[in-house]
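Asks: Below is the file my_file_18.cif, with mmCIF, C-alpha atoms.
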```cif
data_start
loop_
_atom_site.label_atom_id
_atom_site.label_comp_id
_atom_site.auth_asym_id
_atom_site.auth_seq_id
_atom_site.Cartn_x
_atom_site.Cartn_y
_atom_site.Cartn_z
CA MET A 465 -25.98 -23.90 -18.21
CA ASN A 466 -22.38 -25.03 -17.69
CA HIS A 467 -21.75 -28.66 -16.73
CA LEU A 468 -19.72 -28.59 -13.51
CA LEU A 469 -17.52 -31.37 -12.19
CA PHE A 470 -17.80 -29.95 -8.67
CA GLN A 471 -20.51 -27.49 -7.59
CA VAL A 472 -19.85 -24.40 -5.44
CA GLU A 473 -20.58 -26.17 -2.15
CA ASP A 474 -18.95 -29.51 -3.05
CA ARG A 475 -15.92 -30.73 -1.08
CA PRO A 476 -13.70 -32.97 -3.27
CA PRO A 477 -11.48 -35.62 -1.62
CA LEU A 478 -8.43 -34.16 0.16
CA LEU A 479 -5.79 -35.18 -2.40
CA THR A 480 -7.96 -33.99 -5.28
CA THR A 481 -8.61 -30.72 -3.45
CA ILE A 482 -4.87 -30.13 -2.98
CA LEU A 483 -4.11 -30.78 -6.66
CA LEU A 484 -6.95 -28.52 -7.84
CA ALA A 485 -5.95 -25.79 -5.37
CA ALA A 486 -2.35 -25.95 -6.65
CA GLN A 487 -3.68 -25.50 -10.19
CA HIS A 488 -5.41 -22.26 -9.21
CA MET A 489 -2.27 -21.12 -7.44
CA LEU A 490 -0.13 -21.74 -10.52
CA ALA A 491 -2.58 -19.80 -12.69
CA ALA A 492 -2.48 -16.82 -10.31
CA LEU A 493 1.16 -16.84 -9.22
CA GLY A 494 2.52 -15.02 -12.27
CA GLY A 495 0.03 -12.18 -11.86
CA ILE A 496 0.61 -11.86 -8.10
CA ILE A 497 4.39 -11.56 -8.37
CA ALA A 498 4.28 -9.34 -11.47
CA VAL A 499 2.94 -6.24 -9.70
CA PRO A 500 5.63 -6.10 -6.96
CA LEU A 501 8.25 -6.73 -9.65
CA VAL A 502 6.93 -3.92 -11.86
CA VAL A 503 6.60 -1.44 -9.01
CA GLY A 504 9.90 -2.44 -7.40
CA ALA A 505 11.81 -2.14 -10.68
CA ALA A 506 10.20 1.23 -11.50
CA LEU A 507 11.12 2.61 -8.06
CA LYS A 508 14.61 1.04 -8.32
CA LEU A 509 14.21 -0.73 -4.99
CA PRO A 510 17.04 -3.00 -3.79
CA GLY A 511 16.57 -6.72 -4.21
CA ASP A 512 15.77 -7.43 -0.55
CA GLN A 513 12.93 -4.89 -0.56
CA ILE A 514 11.45 -6.36 -3.75
CA VAL A 515 11.59 -9.78 -2.07
CA ALA A 516 9.75 -8.34 0.95
CA LEU A 517 7.07 -6.85 -1.34
CA ILE A 518 6.60 -10.16 -3.16
CA ASN A 519 6.20 -12.11 0.07
CA ALA A 520 3.82 -9.51 1.52
CA ALA A 521 1.77 -9.73 -1.70
CA LEU A 522 1.58 -13.53 -1.40
CA LEU A 523 0.54 -13.28 2.25
CA GLY A 524 -2.09 -10.63 1.56
CA SER A 525 -3.46 -12.48 -1.46
CA GLY A 526 -3.69 -15.71 0.55
CA VAL A 527 -5.58 -14.20 3.48
CA VAL A 528 -8.07 -12.27 1.34
CA THR A 529 -8.63 -15.25 -1.00
CA PHE A 530 -9.60 -17.37 1.99
CA ILE A 531 -12.00 -14.72 3.33
CA GLN A 532 -13.57 -14.11 -0.11
CA CYS A 533 -14.26 -17.84 -0.58
CA LYS A 534 -15.39 -18.75 2.94
CA GLY A 535 -17.06 -15.48 3.94
CA VAL A 536 -17.04 -13.71 7.30
CA GLY A 537 -20.44 -12.21 8.09
CA PRO A 538 -21.29 -9.64 5.37
CA VAL A 539 -17.77 -9.89 3.89
CA GLY A 540 -16.91 -12.30 1.07
CA ILE A 541 -18.79 -13.42 -2.03
CA ARG A 542 -18.52 -17.13 -1.06
CA LEU A 543 -17.58 -18.21 -4.58
CA PRO A 544 -14.27 -19.60 -6.01
CA CYS A 545 -12.41 -16.26 -6.21
CA VAL A 546 -8.62 -16.01 -6.23
CA MET A 547 -7.46 -12.61 -5.03
CA GLY A 548 -4.18 -11.01 -6.03
CA THR A 549 -2.33 -7.77 -6.57
CA SER A 550 -4.01 -5.92 -9.42
CA PHE A 551 -2.41 -4.39 -12.52
CA ALA A 552 -4.98 -1.60 -12.29
CA PHE A 553 -3.01 -0.07 -9.41
CA VAL A 554 0.41 -0.22 -11.05
CA GLY A 555 0.31 3.17 -12.79
CA ALA A 556 -0.97 5.01 -9.72
CA ALA A 557 1.43 3.12 -7.43
CA ILE A 558 4.48 4.01 -9.53
CA SER A 559 3.35 7.63 -9.82
CA VAL A 560 2.94 7.91 -6.03
CA GLY A 561 6.02 5.84 -5.26
CA LEU A 562 8.39 7.96 -7.32
CA GLU A 563 7.43 10.95 -5.17
CA HIS A 564 6.71 9.41 -1.76
CA GLY A 565 8.25 5.93 -1.84
CA VAL A 566 6.65 2.68 -0.68
CA PRO A 567 5.24 4.27 2.52
CA GLY A 568 3.27 6.69 0.31
CA ILE A 569 1.91 3.81 -1.81
CA LEU A 570 0.74 1.85 1.23
CA GLY A 571 -0.78 4.87 3.00
CA SER A 572 -2.57 5.99 -0.15
CA SER A 573 -3.81 2.44 -0.69
CA LEU A 574 -5.17 2.22 2.86
CA ALA A 575 -6.99 5.54 2.55
CA GLY A 576 -8.13 4.90 -1.03
CA SER A 577 -9.67 1.54 -0.10
CA VAL A 578 -12.43 3.48 1.69
CA VAL A 579 -13.82 4.25 -1.80
CA MET A 580 -14.41 0.55 -2.42
CA ILE A 581 -15.72 -0.11 1.08
CA VAL A 582 -18.26 2.71 0.85
CA GLY A 583 -18.93 2.00 -2.82
CA SER A 584 -20.06 -1.55 -1.97
CA CYS A 585 -23.19 0.05 -0.45
CA PHE A 586 -24.04 1.85 -3.70
CA MET A 587 -23.34 -0.75 -6.35
CA PRO A 588 -26.42 -0.12 -8.53
CA GLN A 589 -25.78 3.65 -8.73
CA ILE A 590 -22.02 3.35 -9.29
CA ARG A 591 -22.50 0.69 -11.94
CA LYS A 592 -24.49 3.17 -14.05
CA LEU A 593 -21.38 5.38 -14.38
CA PHE A 594 -19.62 2.57 -16.19
CA PRO A 595 -21.52 1.31 -19.22
CA HIS A 596 -19.81 -1.10 -21.61
CA ALA A 597 -18.04 1.71 -23.50
CA VAL A 598 -16.36 3.02 -20.33
CA THR A 599 -15.51 -0.41 -18.92
CA GLY A 600 -13.99 -1.47 -22.25
CA VAL A 601 -11.80 1.64 -22.29
CA VAL A 602 -10.57 0.94 -18.76
CA VAL A 603 -9.61 -2.67 -19.46
CA THR A 604 -7.94 -1.73 -22.76
CA MET A 605 -5.92 1.05 -21.10
CA ILE A 606 -4.66 -1.34 -18.41
CA GLY A 607 -3.09 -3.51 -21.11
CA LEU A 608 -1.82 -0.60 -23.21
CA SER A 609 -0.21 1.04 -20.18
CA LEU A 610 1.67 -2.12 -19.22
CA VAL A 611 2.93 -3.24 -22.63
CA PRO A 612 5.86 -0.73 -22.55
CA VAL A 613 6.95 -2.31 -19.25
CA ALA A 614 7.02 -5.76 -20.86
CA VAL A 615 8.95 -4.37 -23.85
CA ASP A 616 11.64 -2.92 -21.55
CA TRP A 617 11.88 -6.24 -19.77
CA ALA A 618 12.21 -8.10 -23.06
CA ALA A 619 15.04 -5.79 -24.09
CA GLY A 620 16.93 -6.52 -20.87
CA GLY A 621 15.88 -3.61 -18.66
CA PHE A 622 17.93 -0.59 -17.68
CA ALA A 623 20.11 -2.15 -14.99
CA PRO A 624 23.88 -1.59 -15.28
CA GLY A 625 25.30 -3.99 -17.83
CA ALA A 626 21.86 -5.08 -19.02
CA ASN A 627 22.78 -4.28 -22.64
CA TYR A 628 19.33 -3.00 -23.60
CA GLY A 629 18.03 -4.53 -26.83
CA ALA A 630 20.81 -7.11 -27.19
CA PRO A 631 19.92 -9.94 -29.62
CA ALA A 632 20.35 -12.50 -26.82
CA ASN A 633 17.80 -10.70 -24.64
CA LEU A 634 15.29 -10.39 -27.48
CA GLY A 635 15.84 -14.03 -28.44
CA ILE A 636 15.11 -15.29 -24.92
CA ALA A 637 12.01 -13.09 -24.67
CA ALA A 638 10.76 -14.37 -28.03
CA PHE A 639 11.41 -17.97 -26.98
CA VAL A 640 9.38 -17.53 -23.77
CA LEU A 641 6.59 -15.76 -25.67
CA LEU A 642 6.35 -18.56 -28.26
CA THR A 643 6.44 -21.19 -25.50
CA VAL A 644 3.54 -19.54 -23.67
CA ILE A 645 1.55 -19.24 -26.90
CA ALA A 646 2.08 -22.93 -27.66
CA LEU A 647 1.06 -23.97 -24.15
CA VAL A 648 -2.09 -21.84 -24.22
CA GLN A 649 -3.07 -22.98 -27.71
CA PHE A 650 -2.24 -26.68 -27.52
CA GLY A 651 -2.06 -27.45 -23.79
CA LYS A 652 -4.97 -28.87 -21.85
CA GLY A 653 -6.07 -28.60 -18.23
CA ILE A 654 -3.40 -27.32 -15.89
CA ILE A 655 -0.85 -27.04 -18.74
CA SER A 656 -2.97 -24.38 -20.43
CA ALA A 657 -4.10 -22.73 -17.19
CA ALA A 658 -0.54 -22.37 -15.91
CA ALA A 659 1.00 -21.58 -19.31
CA VAL A 660 2.62 -18.32 -18.14
CA VAL A 661 4.32 -19.87 -15.12
CA ILE A 662 5.43 -22.94 -17.11
CA GLY A 663 6.76 -20.74 -19.91
CA MET A 664 8.72 -18.64 -17.41
CA PHE A 665 10.12 -21.81 -15.81
CA ILE A 666 11.31 -23.15 -19.20
CA GLY A 667 12.85 -19.76 -20.00
CA TYR A 668 14.50 -19.74 -16.59
CA LEU A 669 16.08 -23.13 -17.27
CA LEU A 670 17.39 -21.82 -20.60
CA CYS A 671 18.97 -18.81 -18.90
CA LEU A 672 20.40 -21.09 -16.20
CA SER A 673 22.10 -23.21 -18.86
CA LEU A 674 23.54 -20.01 -20.37
CA GLY A 675 24.91 -18.83 -17.01
CA MET A 676 22.65 -15.77 -16.84
CA ILE A 677 21.25 -16.33 -13.31
CA ASN A 678 22.57 -14.40 -10.30
CA PHE A 679 21.83 -16.32 -7.08
CA ASN A 680 23.07 -13.67 -4.64
CA PRO A 681 19.51 -12.68 -3.57
CA VAL A 682 18.75 -16.34 -2.74
CA GLU A 683 21.93 -16.74 -0.68
CA GLN A 684 21.08 -13.61 1.33
CA ALA A 685 17.38 -14.37 1.88
CA GLN A 686 15.84 -15.96 4.96
CA ILE A 687 14.30 -19.39 4.54
CA PHE A 688 11.40 -18.57 6.88
CA ALA A 689 10.07 -15.26 8.18
CA LEU A 690 6.93 -14.19 10.00
CA PRO A 691 4.73 -11.43 8.48
CA GLN A 692 5.90 -7.89 9.22
CA PRO A 693 2.90 -5.54 9.36
CA LEU A 694 3.75 -1.88 8.69
CA HIS A 695 7.25 -2.94 7.63
CA TYR A 696 7.74 0.19 5.50
CA GLY A 697 5.59 2.53 7.55
CA MET A 698 2.91 4.73 5.96
CA THR A 699 2.50 8.29 4.74
CA PHE A 700 -0.70 9.84 3.43
CA PRO A 701 -0.03 12.32 0.57
CA ILE A 702 -3.28 13.94 -0.60
CA ALA A 703 -2.44 13.59 -4.30
CA GLY A 704 -1.53 9.94 -3.80
CA ILE A 705 -4.80 9.23 -2.02
CA VAL A 706 -6.75 10.82 -4.89
CA ALA A 707 -4.84 8.78 -7.49
CA MET A 708 -5.40 5.55 -5.55
CA ALA A 709 -9.08 6.38 -4.94
CA VAL A 710 -9.61 6.70 -8.69
CA ALA A 711 -7.80 3.38 -9.21
CA PHE A 712 -10.08 1.75 -6.63
CA LEU A 713 -13.13 3.14 -8.42
CA VAL A 714 -11.88 1.68 -11.69
CA THR A 715 -11.10 -1.64 -10.04
CA MET A 716 -14.56 -1.79 -8.51
CA VAL A 717 -16.09 -1.80 -11.98
CA GLU A 718 -13.59 -4.37 -13.30
CA THR A 719 -14.28 -6.60 -10.31
CA THR A 720 -18.04 -6.32 -10.87
CA GLY A 721 -17.55 -7.60 -14.41
CA THR A 722 -15.36 -10.44 -13.15
CA PHE A 723 -18.02 -11.40 -10.60
CA MET A 724 -20.68 -11.46 -13.34
CA ALA A 725 -18.46 -13.77 -15.40
CA LEU A 726 -17.86 -15.95 -12.33
CA GLY A 727 -21.61 -16.19 -11.73
CA SER A 728 -22.03 -17.49 -15.27
CA ALA A 729 -19.17 -19.98 -14.88
CA THR A 730 -20.52 -21.36 -11.58
CA ASN A 731 -24.23 -21.26 -12.48
CA THR A 732 -24.80 -18.72 -9.68
CA LYS A 733 -27.27 -15.85 -9.96
CA MET A 734 -25.41 -12.63 -9.10
CA ARG A 735 -27.75 -10.51 -6.98
CA GLY A 736 -26.98 -7.01 -5.76
CA LYS A 737 -26.29 -8.19 -2.21
CA THR A 738 -23.92 -10.86 -3.50
CA LEU A 739 -21.95 -8.31 -5.52
CA ALA A 740 -21.85 -5.96 -2.53
CA ARG A 741 -20.33 -8.67 -0.31
CA GLY A 742 -17.63 -9.35 -2.89
CA ILE A 743 -16.79 -5.67 -3.41
CA LEU A 744 -16.70 -5.10 0.36
CA CYS A 745 -14.20 -7.95 0.70
CA ASP A 746 -12.06 -6.40 -2.05
CA GLY A 747 -12.01 -3.06 -0.20
CA LEU A 748 -11.40 -4.42 3.29
CA GLY A 749 -8.91 -6.92 1.86
CA SER A 750 -6.91 -4.11 0.23
CA ALA A 751 -6.88 -2.20 3.52
CA LEU A 752 -5.62 -5.34 5.30
CA ALA A 753 -3.05 -5.89 2.54
CA ALA A 754 -1.71 -2.34 3.02
CA VAL A 755 -1.24 -3.00 6.73
CA MET A 756 0.61 -6.19 5.77
CA SER A 757 2.88 -4.08 3.49
CA SER A 758 1.30 -5.46 0.32
CA PRO A 759 -0.07 -3.65 -2.74
CA PRO A 760 -3.91 -3.62 -3.09
CA VAL A 761 -5.74 -6.79 -4.12
CA SER A 762 -8.62 -7.56 -6.45
CA THR A 763 -10.35 -10.58 -7.98
CA PHE A 764 -8.28 -12.36 -10.64
CA ALA A 765 -10.16 -12.80 -13.90
CA GLN A 766 -7.78 -15.51 -15.15
CA ASN A 767 -9.00 -17.87 -12.43
CA VAL A 768 -12.57 -17.50 -13.70
CA GLY A 769 -11.17 -19.05 -16.85
CA VAL A 770 -9.76 -21.93 -14.80
CA VAL A 771 -13.24 -22.58 -13.36
CA SER A 772 -14.79 -22.56 -16.85
CA LEU A 773 -12.06 -24.78 -18.25
CA THR A 774 -12.03 -27.43 -15.52
CA GLY A 775 -15.64 -27.37 -14.31
CA VAL A 776 -14.37 -27.14 -10.73
CA ALA A 777 -16.52 -24.50 -9.03
CA SER A 778 -15.93 -25.55 -5.41
CA ARG A 779 -15.20 -22.53 -3.22
CA HIS A 780 -13.52 -24.84 -0.71
CA VAL A 781 -10.88 -25.76 -3.31
CA VAL A 782 -10.00 -22.11 -3.87
CA ALA A 783 -10.06 -21.41 -0.13
CA LEU A 784 -7.21 -23.94 0.10
CA THR A 785 -5.47 -21.99 -2.69
CA GLY A 786 -5.51 -19.04 -0.29
CA CYS A 787 -3.81 -21.17 2.34
CA LEU A 788 -1.12 -22.24 -0.16
CA LEU A 789 -0.45 -18.61 -1.15
CA PHE A 790 -0.12 -17.65 2.51
CA LEU A 791 2.38 -20.45 3.12
CA ALA A 792 4.39 -19.35 0.07
CA GLY A 793 4.63 -15.87 1.59
CA LEU A 794 6.11 -17.25 4.81
CA PHE A 795 9.26 -18.38 2.99
CA PRO A 796 11.23 -15.35 1.69
CA VAL A 797 13.59 -17.67 -0.16
CA LEU A 798 10.75 -18.29 -2.64
CA GLY A 799 10.49 -14.57 -3.32
CA ALA A 800 14.26 -14.38 -3.70
CA ILE A 801 14.13 -17.10 -6.35
CA VAL A 802 11.56 -15.01 -8.21
CA VAL A 803 13.90 -12.01 -8.13
CA THR A 804 16.57 -14.06 -9.93
CA ILE A 805 14.34 -14.43 -13.00
CA PRO A 806 16.11 -12.57 -15.83
CA GLN A 807 14.33 -9.55 -17.30
CA PRO A 808 13.95 -11.07 -20.82
CA VAL A 809 12.08 -14.05 -19.34
CA LEU A 810 9.70 -11.68 -17.58
CA GLY A 811 9.37 -9.70 -20.81
CA GLY A 812 8.29 -12.65 -22.93
CA ALA A 813 5.69 -13.78 -20.40
CA GLY A 814 4.64 -10.22 -19.53
CA LEU A 815 4.02 -9.31 -23.14
CA MET A 816 1.61 -12.23 -23.38
CA MET A 817 -0.16 -11.35 -20.12
CA PHE A 818 -0.53 -7.67 -20.87
CA ALA A 819 -1.50 -8.20 -24.50
CA MET A 820 -4.24 -10.58 -23.37
CA ILE A 821 -5.63 -7.76 -21.24
CA ILE A 822 -5.75 -5.58 -24.36
CA SER A 823 -7.54 -8.40 -26.17
CA ALA A 824 -10.13 -8.60 -23.39
CA GLY A 825 -10.66 -4.84 -23.63
CA VAL A 826 -11.07 -4.97 -27.40
CA GLN A 827 -13.65 -7.71 -27.02
CA LEU A 828 -15.58 -5.53 -24.58
CA LEU A 829 -15.39 -2.56 -26.95
CA SER A 830 -16.60 -4.70 -29.84
CA LYS A 831 -19.85 -5.29 -27.95
CA VAL A 832 -20.54 -1.56 -27.57
CA GLU A 833 -23.32 -0.20 -29.79
CA SER A 834 -21.81 1.54 -32.82
CA THR A 835 -22.85 5.19 -32.47
CA LYS A 836 -21.04 8.47 -33.00
CA ARG A 837 -21.31 9.24 -29.27
CA ASN A 838 -19.74 5.93 -28.18
CA SER A 839 -17.01 6.28 -30.80
CA ILE A 840 -16.07 9.71 -29.43
CA ILE A 841 -15.99 8.42 -25.84
CA MET A 842 -13.77 5.45 -26.70
CA ALA A 843 -11.44 7.31 -29.06
CA VAL A 844 -10.82 10.37 -26.91
CA ALA A 845 -10.47 8.40 -23.66
CA ILE A 846 -7.96 5.95 -25.11
CA GLY A 847 -6.12 8.77 -26.89
CA CYS A 848 -5.75 10.80 -23.68
CA GLY A 849 -4.72 7.72 -21.73
CA LEU A 850 -2.07 6.84 -24.28
CA ALA A 851 -0.81 10.43 -24.31
CA VAL A 852 0.46 10.23 -20.72
CA THR A 853 1.54 6.60 -21.15
CA VAL A 854 3.87 7.08 -24.11
CA ARG A 855 4.84 10.69 -23.33
CA PRO A 856 4.90 11.04 -19.52
CA GLU A 857 7.03 14.17 -19.92
CA LEU A 858 3.83 15.82 -21.15
CA LEU A 859 3.05 16.63 -17.49
CA SER A 860 6.59 17.60 -16.48
CA LYS A 861 5.87 21.33 -16.10
CA LEU A 862 2.60 20.92 -14.21
CA PRO A 863 2.26 20.94 -10.39
CA SER A 864 3.27 17.73 -8.61
CA PHE A 865 -0.33 17.15 -7.48
CA VAL A 866 -1.51 17.09 -11.10
CA LYS A 867 1.35 14.82 -12.15
CA GLU A 868 0.53 12.30 -9.44
CA VAL A 869 -3.20 12.21 -10.11
CA PHE A 870 -2.89 12.10 -13.90
CA GLY A 871 0.42 10.23 -14.20
CA SER A 872 -1.35 6.96 -14.95
CA GLY A 873 -2.80 6.38 -18.40
CA ILE A 874 -5.35 4.05 -16.83
CA THR A 875 -6.59 6.81 -14.53
CA VAL A 876 -6.70 9.41 -17.30
CA GLY A 877 -8.53 7.09 -19.70
CA ALA A 878 -11.09 6.13 -17.05
CA LEU A 879 -11.76 9.72 -15.96
CA VAL A 880 -12.12 11.01 -19.51
CA ALA A 881 -14.46 8.15 -20.43
CA VAL A 882 -16.67 8.68 -17.36
CA ILE A 883 -16.85 12.45 -17.86
CA LEU A 884 -17.65 12.20 -21.58
CA ASN A 885 -20.28 9.57 -20.86
CA LEU A 886 -21.94 11.97 -18.42
CA VAL A 887 -21.79 15.16 -20.50
CA LEU A 888 -22.36 13.99 -24.07
CA PRO A 889 -26.10 13.84 -24.80
CA GLU A 890 -27.73 10.61 -25.83
CA ARG A 891 -29.27 10.59 -29.30
CA PRO A 892 -32.06 8.28 -30.36
CA VAL A 893 -30.82 5.50 -32.62
CA GLU A 894 -32.55 5.32 -35.97
CA HIS A 895 -33.37 1.78 -37.06
CA ASP A 896 -34.20 0.59 -40.53
CA GLU A 897 -37.80 -0.50 -40.95
CA ASP A 898 -36.72 -4.00 -41.90
CA GLU A 899 -34.35 -4.32 -38.93
CA GLU A 900 -35.34 -7.06 -36.54
CA ASP A 901 -36.48 -6.09 -33.07
CA VAL A 902 -34.04 -6.58 -30.25
CA PRO A 903 -34.96 -9.77 -28.39
CA GLN A 904 -36.76 -9.13 -25.12
CA ALA A 905 -34.34 -11.42 -23.27
CA PHE A 906 -31.43 -9.21 -24.32
CA LEU A 907 -33.18 -6.07 -23.09
CA THR A 908 -33.98 -7.72 -19.78
CA ALA A 909 -30.37 -8.80 -19.34
CA GLU A 910 -29.14 -5.28 -20.07
CA LEU A 911 -31.56 -3.76 -17.55
CA GLU A 912 -30.47 -6.22 -14.88
CA ALA A 913 -26.81 -5.46 -15.58
CA ALA A 914 -27.49 -1.75 -15.14
#
```
Write out the structure in this file as structure tokens.
Replies:
Amino acid sequence: MNHLLFQVEDRPPLLTTILLAAQHMLAALGGIIAVPLVVGAALKLPGDQIVALINAALLGSGVVTFIQCKGVGPVGIRLPCVMGTSFAFVGAAISVGLEHGVPGILGSSLAGSVVMIVGSCFMPQIRKLFPHAVTGVVVTMIGLSLVPVAVDWAAGGFAPGANYGAPANLGIAAFVLLTVIALVQFGKGIISAAAVVIGMFIGYLLCLSLGMINFNPVEQAQIFALPQPLHYGMTFPIAGIVAMAVAFLVTMVETTGTFMALGSATNTKMRGKTLARGILCDGLGSALAAVMSSPPVSTFAQNVGVVSLTGVASRHVVALTGCLLFLAGLFPVLGAIVVTIPQPVLGGAGLMMFAMIISAGVQLLSKVESTKRNSIIMAVAIGCGLAVTVRPELLSKLPSFVKEVFGSGITVGALVAVILNLVLPERPVEHDEDEEDVPQAFLTAELEAA
């Protein structure tokens, strides 16, 4: 059992609570702003619209974090969960957005969230569709699909005058990457937990000293602005809804795994009803986020690491984190400052973030039983997912509906893995006579997880 400095229901002193809440915010901030930046850059949105997306994401993340931690009736897991915009939706969002714009993304997200809301009632049955082999494929594909984005950032992006692949751009990206690695490896406490944000800040200062920062977005941004629900409007393309629904299904499984890890970190037994409350909050929170003009939200796994690292499991601390995120979203000038971050700085930090997702997926895959059937599932699913990731033109001559649904390598990898897991027959595993029996505790744990 983990030794906790503060238990789930503990309320630390006010100043301590503020400092600990700020630590969680720093750990999550990079991930929250990354998704609007990725989507906005892919759709070639103007700077003011990217700022609006970032602030909407901060507002949505703040509100849903507070609800997840505090709980409202049957909604909310009542554990220290930081909610934020999820990388799992990036591929589907870009695919939908290129065809239908931001209104199509938000409408598809609102409709697709029904999958998670309804799915919260059927957690045991849905969980069986995603054994370790399938879940590992999904997490791995999220990282693999996003690494090319980080590489383009590191090279300077495709903006006019960006000079793609210039030595200066690559040098800055490498500097930020090495800084983040050093902070993660040798830093302690908040230094390690907030390594990505600190590394980006140091890289930003370097670019500032080199005269590479354009402050026009900051000069044009409002200092304070109230939330603008339905700012972009909504459309509901059928293909976009299907693509988002699949992304929500994938996210539901990822979130379940995160909740199980959080239960271990906080010494909390994760019962079916507890998981259902958390998943329901994810679904309703994503619907609320869409109305607030924000991308969908999900539980951040990196903040589970903060809980494990610090021993601070108080849900009231993280509820305050939600309040801090909401306040950050009320000041558009903060989002405008984020937009001024040069692409190579984002690339160095992004490569670290996305590669760590791949590492997490590989670790999951390493725990899968080594059989011919599992090898086929993992190999074919990842291969098909990579096919549309590295060669998106593969689908160029297919109907637009097909391109939207299968335009994301994450979606393709998940679907192929689920289908193969359902259709390939199980074969009994032959054990050597001298092989030790599997411990009963392990079998019990596996049955409970299923």
Asks: Within 8 Å of Ala575 (chain A), counting all atoms listed in the file, which residues qualify if same-chain residues fewer than 4 places away don't, as a list in words?
Replies: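 The residues that qualify are Gly571, Phe700, Ile705, Ala709 and Ala751 of chain A.
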Asks: Run through the PyMOL selection byres ((chain A and resi 501) around 12) on the given coordinates and return the selected residues as number ranges by chain.
Replies: A: 494-500, 502-519, 521, 549, 551, 554, 558, 613-614, 617, 759, 799-800, 802-807, 810-811, 814
Asks: Given the point (18.5, -7.3, -24.5) in the file's coordinates, find the residues that have an atom at most 9 Å from it, counting all atoms listed in the file, and give them as a PyMOL selection string.
Replies: chain A and resi 616-621+626-637+807-808
Asks: Which is closer to Arg855 (chain A) than all the others in A:Leu748, A:Gly583, A:Ala843, A:Ser872, using all atoms listed in the file?
Replies: A:Ser872
Asks: Taking all atoms of region 682-686 of chain A that the file lists, what box with edges along x, y and z, padded by 4 Å per side, do you get, with centre and edge lengths in Å to one decimal, as JSON?
Replies:
```
{"center_x": 18.9, "center_y": -15.2, "center_z": 1.1, "size_x": 14.1, "size_y": 11.1, "size_z": 15.7}
```
Asks: For each of A:Val776, A:Val852, A:Leu690, A:Ile883, take the minimum atom-to-atom distance to Ala729 (chain A), counting only C-alpha atoms, then give the residue where this is smallest.
Replies: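 Of the candidates, the smallest distance to Ala729 (chain A) is held by A:Val776.
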